[in-house]
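Colleague: My file is upload_6.txt. It has compact mmCIF, C-alpha atoms and all ligand atoms:
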```
# COMPACT_ATOMS: atom_id res chain seq x y z
CA MET B 1 0.00 0.00 0.00
CA PRO B 2 1.33 3.43 -0.86
CA ASP B 3 1.88 5.75 2.03
CA ASN B 4 -1.06 8.24 1.94
CA GLY B 5 0.07 9.99 5.07
CA PRO B 6 -0.81 13.62 5.81
CA ASP B 7 2.40 14.92 4.19
CA ASN B 8 1.64 13.40 0.75
CA GLY B 9 -1.98 14.63 0.80
CA PHE B 10 -0.83 18.15 1.59
CA LEU B 11 1.67 18.08 -1.30
CA ASP B 12 -1.03 16.83 -3.78
CA ILE B 13 -3.42 19.62 -2.84
CA SER B 14 -0.67 22.22 -3.10
CA ARG B 15 0.32 21.00 -6.58
CA ARG B 16 -3.31 21.12 -7.81
CA GLY B 17 -3.79 24.54 -6.28
CA MET B 18 -0.62 25.82 -7.84
CA LEU B 19 -1.58 24.51 -11.32
CA ALA B 20 -5.04 26.06 -11.06
CA GLY B 21 -3.48 29.37 -9.98
CA SER B 22 -1.04 29.34 -12.91
CA VAL B 23 -3.78 28.72 -15.45
CA GLY B 24 -5.82 31.56 -13.96
CA SER B 25 -2.89 33.99 -14.10
CA ALA B 26 -2.10 33.09 -17.70
CA ALA B 27 -5.74 33.66 -18.70
CA LEU B 28 -5.73 37.05 -16.98
CA ALA B 29 -2.47 38.08 -18.68
CA GLN B 30 -3.81 37.01 -22.07
CA ALA B 31 -6.98 39.02 -21.53
CA SER B 32 -4.90 42.13 -20.67
CA ILE B 33 -2.75 41.74 -23.78
CA LEU B 34 -5.87 41.35 -25.92
CA ARG B 35 -7.40 44.49 -24.40
CA ALA B 36 -4.14 46.45 -25.02
CA GLN B 37 -3.97 45.23 -28.63
CA GLN B 38 -7.58 46.19 -29.25
CA SER B 39 -7.05 49.71 -27.94
CA ALA B 40 -3.64 50.24 -29.64
CA PRO B 41 -3.63 53.03 -32.25
CA GLY B 42 -3.98 51.61 -35.73
CA SER B 43 -5.22 48.17 -34.62
CA ALA B 44 -7.95 46.64 -36.75
CA SER B 45 -10.35 46.53 -33.82
CA SER B 46 -9.60 50.09 -32.69
CA ASN B 47 -12.12 52.62 -33.90
CA LYS B 48 -9.91 55.60 -32.95
CA GLY B 49 -7.45 56.88 -35.56
CA PRO B 50 -4.56 59.25 -34.77
CA ALA B 51 -5.64 62.69 -33.58
CA THR B 52 -5.68 65.24 -36.38
CA MET B 53 -6.08 68.99 -36.46
CA ARG B 54 -6.50 71.64 -39.13
CA VAL B 55 -3.58 74.07 -38.98
CA SER B 56 -3.58 77.48 -40.64
CA MET B 57 -0.29 79.24 -41.31
CA THR B 58 1.01 81.90 -43.62
CA VAL B 59 4.02 80.41 -45.37
CA ASN B 60 6.16 82.73 -47.47
CA GLY B 61 3.30 85.19 -47.62
CA LYS B 62 0.71 82.62 -48.75
CA ALA B 63 -2.15 81.41 -46.54
CA GLN B 64 -2.05 77.62 -46.08
CA GLU B 65 -4.43 75.20 -44.38
CA VAL B 66 -3.46 71.60 -43.75
CA ASP B 67 -5.08 68.70 -41.89
CA LEU B 68 -2.32 67.11 -39.90
CA ASP B 69 -1.65 64.28 -37.51
CA THR B 70 -0.97 66.34 -34.39
CA ARG B 71 2.46 64.70 -34.06
CA THR B 72 3.71 66.18 -37.36
CA THR B 73 6.70 68.48 -37.05
CA LEU B 74 6.83 71.85 -38.78
CA LEU B 75 9.73 70.49 -40.86
CA ASP B 76 7.70 67.55 -42.17
CA THR B 77 4.72 69.82 -42.78
CA LEU B 78 6.83 72.10 -44.95
CA ARG B 79 8.57 69.33 -46.85
CA GLU B 80 5.95 66.58 -47.10
CA HIS B 81 2.66 68.47 -47.06
CA LEU B 82 3.52 71.82 -48.64
CA LYS B 83 6.31 70.46 -50.88
CA LEU B 84 8.71 73.21 -49.80
CA THR B 85 11.80 71.03 -49.91
CA GLY B 86 14.31 73.89 -49.67
CA THR B 87 14.30 73.38 -45.90
CA LYS B 88 16.52 70.39 -45.19
CA LYS B 89 16.37 67.52 -42.72
CA GLY B 90 19.80 66.77 -41.34
CA CYS B 91 19.68 65.19 -37.89
CA ASP B 92 15.94 65.62 -37.08
CA HIS B 93 17.09 66.12 -33.47
CA GLY B 94 17.89 69.84 -33.15
CA GLN B 95 21.62 69.35 -33.53
CA CYS B 96 22.58 70.55 -37.01
CA GLY B 97 20.47 73.61 -37.92
CA ALA B 98 19.76 72.38 -41.48
CA CYS B 99 16.02 72.76 -40.84
CA THR B 100 16.19 76.41 -39.68
CA VAL B 101 13.26 78.58 -40.76
CA MET B 102 11.88 81.84 -39.43
CA VAL B 103 8.62 81.96 -37.51
CA ASN B 104 7.23 85.44 -36.92
CA GLY B 105 10.71 86.77 -37.74
CA GLU B 106 12.62 84.53 -35.32
CA ARG B 107 14.69 81.52 -36.31
CA ILE B 108 13.79 78.09 -35.02
CA ASN B 109 14.75 74.49 -35.70
CA SER B 110 11.64 73.29 -37.49
CA CYS B 111 12.41 69.63 -36.66
CA LEU B 112 11.90 70.39 -32.96
CA SER B 113 8.57 72.10 -33.32
CA LEU B 114 5.14 70.59 -33.89
CA ALA B 115 3.14 72.22 -36.66
CA VAL B 116 0.11 72.56 -34.37
CA GLN B 117 2.14 74.96 -32.23
CA HIS B 118 2.22 77.34 -35.21
CA ASP B 119 -1.45 77.75 -35.95
CA GLY B 120 -1.80 81.38 -37.06
CA ASP B 121 1.96 81.96 -37.37
CA GLU B 122 3.96 83.44 -40.24
CA VAL B 123 6.64 81.09 -41.50
CA THR B 124 9.46 82.06 -43.85
CA THR B 125 11.57 79.42 -45.55
CA ILE B 126 14.47 79.78 -47.95
CA GLU B 127 11.94 79.84 -50.82
CA GLY B 128 10.37 82.94 -49.30
CA LEU B 129 13.58 84.97 -48.97
CA GLY B 130 14.34 85.46 -52.64
CA THR B 131 13.97 83.96 -56.10
CA PRO B 132 16.69 82.89 -58.56
CA ASP B 133 16.09 86.15 -60.44
CA ASP B 134 15.80 88.32 -57.39
CA LEU B 135 18.05 86.98 -54.62
CA HIS B 136 17.87 88.18 -51.04
CA PRO B 137 21.04 90.18 -50.19
CA MET B 138 22.17 87.30 -47.93
CA GLN B 139 21.73 84.77 -50.75
CA ASP B 140 23.67 87.12 -53.04
CA ALA B 141 26.48 87.43 -50.48
CA PHE B 142 26.68 83.63 -50.02
CA VAL B 143 27.16 83.27 -53.78
CA GLU B 144 29.76 86.04 -53.86
CA HIS B 145 31.73 84.61 -50.91
CA ASP B 146 31.36 80.91 -51.82
CA GLY B 147 29.54 80.36 -48.54
CA TYR B 148 28.82 76.70 -49.35
CA GLN B 149 30.20 73.61 -51.02
CA CYS B 150 27.64 70.76 -51.15
CA GLY B 151 24.88 73.22 -50.24
CA TYR B 152 22.94 70.89 -47.93
CA CYS B 153 23.25 73.13 -44.88
CA THR B 154 22.90 76.35 -46.89
CA PRO B 155 19.14 77.04 -46.66
CA GLY B 156 19.36 76.74 -42.88
CA GLN B 157 22.56 78.81 -42.77
CA ILE B 158 20.97 81.61 -44.81
CA CYS B 159 17.72 81.69 -42.80
CA SER B 160 19.76 81.72 -39.61
CA ALA B 161 22.13 84.42 -40.90
CA VAL B 162 19.25 86.72 -41.85
CA ALA B 163 17.67 86.27 -38.41
CA VAL B 164 21.02 86.71 -36.61
CA LEU B 165 21.58 90.14 -38.14
CA GLU B 166 18.08 91.10 -37.06
CA GLU B 167 18.79 89.86 -33.49
CA ILE B 168 21.91 92.03 -33.32
CA ARG B 169 20.06 95.04 -34.77
CA ASN B 170 17.38 94.57 -32.12
CA GLY B 171 19.98 94.51 -29.33
CA ILE B 172 19.37 90.92 -28.24
CA PRO B 173 22.55 89.84 -26.39
CA SER B 174 24.36 86.57 -26.92
CA HIS B 175 26.73 84.53 -24.77
CA VAL B 176 29.73 86.56 -26.01
CA THR B 177 28.23 90.07 -25.87
CA ASP B 178 30.62 92.05 -23.63
CA ASP B 179 28.77 95.35 -23.42
CA LEU B 180 25.08 95.16 -22.62
CA THR B 181 24.61 98.92 -22.34
CA GLY B 182 25.75 100.30 -25.69
CA PRO B 183 24.57 99.54 -29.21
CA MET B 184 25.38 96.00 -30.26
CA ARG B 185 28.13 95.54 -32.82
CA PHE B 186 28.31 93.15 -35.77
CA THR B 187 31.64 91.65 -34.74
CA GLU B 188 32.82 88.37 -36.24
CA ILE B 189 32.82 86.63 -32.86
CA GLU B 190 29.24 87.84 -32.24
CA MET B 191 28.07 86.44 -35.57
CA ARG B 192 30.03 83.17 -35.26
CA GLU B 193 28.70 82.55 -31.75
CA ARG B 194 25.10 83.06 -32.90
CA MET B 195 25.64 80.79 -35.91
CA SER B 196 27.16 78.00 -33.80
CA GLY B 197 23.97 75.91 -34.03
CA ASN B 198 24.30 75.68 -37.81
CA ILE B 199 26.74 72.94 -38.65
CA CYS B 200 28.48 72.77 -42.03
CA ARG B 201 30.26 69.49 -42.63
CA CYS B 202 31.96 71.03 -45.68
CA GLY B 203 33.51 73.61 -43.34
CA ALA B 204 32.48 76.75 -45.21
CA TYR B 205 32.42 78.73 -41.96
CA SER B 206 34.93 81.49 -42.91
CA ASN B 207 33.09 82.19 -46.13
CA ILE B 208 29.73 82.25 -44.36
CA ALA B 209 31.14 84.74 -41.85
CA GLY B 210 32.44 86.83 -44.79
CA ALA B 211 29.01 86.83 -46.43
CA MET B 212 27.33 87.89 -43.20
CA ALA B 213 29.84 90.69 -42.62
CA GLN B 214 29.17 92.03 -46.11
CA VAL B 215 25.41 92.19 -45.50
CA ALA B 216 25.87 93.64 -42.01
CA GLU B 217 28.04 96.46 -43.35
CA ALA B 218 25.76 97.26 -46.30
S1 LIG B 301 17.34 68.69 -38.85
FE1 LIG B 301 16.69 70.08 -37.36
S2 LIG B 301 18.46 70.59 -36.27
FE2 LIG B 301 19.11 69.01 -37.62
S1 LIG B 302 28.00 73.36 -47.62
FE1 LIG B 302 28.08 71.20 -47.35
S2 LIG B 302 27.36 70.95 -45.33
FE2 LIG B 302 27.58 73.05 -45.54
```
Write the structure described by the file as structure tokens, please.
Ligand code: FES
Ligand code: FES

Modeller:
Amino acid sequence: MPDNGPDNGFLDISRRGMLAGSVGSAALAQASILRAQQSAPGSASSNKGPATMRVSMTVNGKAQEVDLDTRTTLLDTLREHLKLTGTKKGCDHGQCGACTVMVNGERINSCLSLAVQHDGDEVTTIEGLGTPDDLHPMQDAFVEHDGYQCGYCTPGQICSAVAVLEEIRNGIPSHVTDDLTGPMRFTEIEMRERMSGNICRCGAYSNIAGAMAQVAEA
């Protein structure tokens, strides 16, 4: 006869209880996963699409209205929705300045800004500064000074340069401004410091500084 003492009976019950508990937990976990999948954006059973919003902006003097996924950056709105591909995507992380545009006269990295933040704003891209037949003075100066090689960073450099001169004219100090009381000067160090967020892997920095100095002195 097998020994059915109290110890063995206790172990049998514990094993059955443990198995029942495991099955219950697995069923609960599966139900949670199913619920999460059903409510995930884009799932077949989800009836909620991504949030969208109509955004109105004036871009290069022209009124524009676009229906956008609210997660769309200003950069992607310009390039993908409005087909203004002059503005470039370099890093898409706010580190290179290739995507610089002006919003209400101030430069920003358009890759770091959601389009919905700019409802009602005025945006100027490289296409809005000048035309091939009628260049903006800064575009003219870049050509004259060879302020580029491959040209990929150039739209951002030019938008930034135009805004930098305006910042100095308006007396906005930078990290290297030594006199905060007098009129601000267009020194090379002042301009280079303010342009430090615009990276040029071709290394056209001296020529860019030359172009900016020419426009500043005009
Ligand atoms: S693409 Fe925006 S900073 Fe590089
Ligand atoms: S001109 Fe090539 S990255 Fe600036």

Colleague: Residues of chain B that have any atom at most 9 Å from an atom of ligand LIG 302 (chain B): could you tabulate them with the shortest-distance atom pair and the distance in Å to one decimal, using all atoms listed in the file, ordered by chain and increasing number, as JSON lines?

Modeller:
```
{"residue": "B:Ala98", "atom": "CA", "partner": "B:LIG302", "partner_atom": "S2", "distance": 8.6}
{"residue": "B:Gly147", "atom": "CA", "partner": "B:LIG302", "partner_atom": "S1", "distance": 7.2}
{"residue": "B:Tyr148", "atom": "CA", "partner": "B:LIG302", "partner_atom": "S1", "distance": 3.8}
{"residue": "B:Gln149", "atom": "CA", "partner": "B:LIG302", "partner_atom": "S1", "distance": 4.1}
{"residue": "B:Cys150", "atom": "CA", "partner": "B:LIG302", "partner_atom": "FE1", "distance": 3.9}
{"residue": "B:Gly151", "atom": "CA", "partner": "B:LIG302", "partner_atom": "S1", "distance": 4.1}
{"residue": "B:Tyr152", "atom": "CA", "partner": "B:LIG302", "partner_atom": "S2", "distance": 5.1}
{"residue": "B:Cys153", "atom": "CA", "partner": "B:LIG302", "partner_atom": "FE2", "distance": 4.4}
{"residue": "B:Thr154", "atom": "CA", "partner": "B:LIG302", "partner_atom": "FE2", "distance": 5.9}
{"residue": "B:Gln157", "atom": "CA", "partner": "B:LIG302", "partner_atom": "FE2", "distance": 8.1}
{"residue": "B:Asn198", "atom": "CA", "partner": "B:LIG302", "partner_atom": "FE2", "distance": 8.8}
{"residue": "B:Ile199", "atom": "CA", "partner": "B:LIG302", "partner_atom": "FE2", "distance": 6.9}
{"residue": "B:Cys200", "atom": "CA", "partner": "B:LIG302", "partner_atom": "FE2", "distance": 3.6}
{"residue": "B:Arg201", "atom": "CA", "partner": "B:LIG302", "partner_atom": "S2", "distance": 4.2}
{"residue": "B:Cys202", "atom": "CA", "partner": "B:LIG302", "partner_atom": "FE1", "distance": 4.2}
{"residue": "B:Gly203", "atom": "CA", "partner": "B:LIG302", "partner_atom": "FE2", "distance": 6.3}
{"residue": "B:Ala204", "atom": "CA", "partner": "B:LIG302", "partner_atom": "S1", "distance": 6.1}
{"residue": "B:Tyr205", "atom": "CA", "partner": "B:LIG302", "partner_atom": "FE2", "distance": 8.3}
```

Colleague: With C-alpha atoms retained, export the selected residues as an mmCIF file, keeping the file's coordinate frame.

Modeller:
```cif
data_model
loop_
_atom_site.group_PDB
_atom_site.id
_atom_site.type_symbol
_atom_site.label_atom_id
_atom_site.label_comp_id
_atom_site.auth_asym_id
_atom_site.auth_seq_id
_atom_site.Cartn_x
_atom_site.Cartn_y
_atom_site.Cartn_z
ATOM 1 C CA ALA B 98 19.760 72.380 -41.480
ATOM 2 C CA GLY B 147 29.540 80.360 -48.540
ATOM 3 C CA TYR B 148 28.820 76.700 -49.350
ATOM 4 C CA GLN B 149 30.200 73.610 -51.020
ATOM 5 C CA CYS B 150 27.640 70.760 -51.150
ATOM 6 C CA GLY B 151 24.880 73.220 -50.240
ATOM 7 C CA TYR B 152 22.940 70.890 -47.930
ATOM 8 C CA CYS B 153 23.250 73.130 -44.880
ATOM 9 C CA THR B 154 22.900 76.350 -46.890
ATOM 10 C CA GLN B 157 22.560 78.810 -42.770
ATOM 11 C CA ASN B 198 24.300 75.680 -37.810
ATOM 12 C CA ILE B 199 26.740 72.940 -38.650
ATOM 13 C CA CYS B 200 28.480 72.770 -42.030
ATOM 14 C CA ARG B 201 30.260 69.490 -42.630
ATOM 15 C CA CYS B 202 31.960 71.030 -45.680
ATOM 16 C CA GLY B 203 33.510 73.610 -43.340
ATOM 17 C CA ALA B 204 32.480 76.750 -45.210
ATOM 18 C CA TYR B 205 32.420 78.730 -41.960
#
```

Colleague: Check the smallest atom-to-atom distance from each of B:His136, B:Ile108, B:His93, B:Ala115 to Asp67 (chain B) using only C-alpha atoms, then report the winner.

Modeller: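 Ranked by minimum distance to Asp67 (chain B), first place goes to B:Ala115.
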
Colleague: Would you kindly return, as a ChimeraX atom specification, each protein, DNA or RNA residue with an atom no farther than 12 Å from any atom of Leu135 (chain B), considering only C-alpha atoms and excluding same-chain residues fewer than 6 positions away?

Modeller: /B:126-129,141-144,158

Colleague: Enumerate residues in contact with ligand LIG 301 (chain B): an atom-to-atom distance of at most 12 Å, counting all atoms listed in the file. Format the result as JSON, numbers by chain.

Modeller: {"B": [73, 74, 75, 76, 79, 87, 88, 89, 90, 91, 92, 93, 94, 95, 96, 97, 98, 99, 100, 101, 107, 108, 109, 110, 111, 112, 113, 152, 153, 155, 156, 157, 160, 196, 197, 198, 199, 200]}

Colleague: Counting all atoms listed in the file, figure out which residue out of B:Gly130, B:Gly210, B:Pro183, B:Gly120 gets nearest to Met57 (chain B).

Modeller: B:Gly120

Colleague: So which residues touch Thr77 (chain B) within 9 Å, counting only C-alpha atoms, skipping near sequence neighbours fewer than 5 positions away, as a list in words?

Modeller: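 What passes the distance filter is Val66, Leu68, Thr72, Leu82, Lys83, Leu84, Leu114 and Ala115 of chain B.
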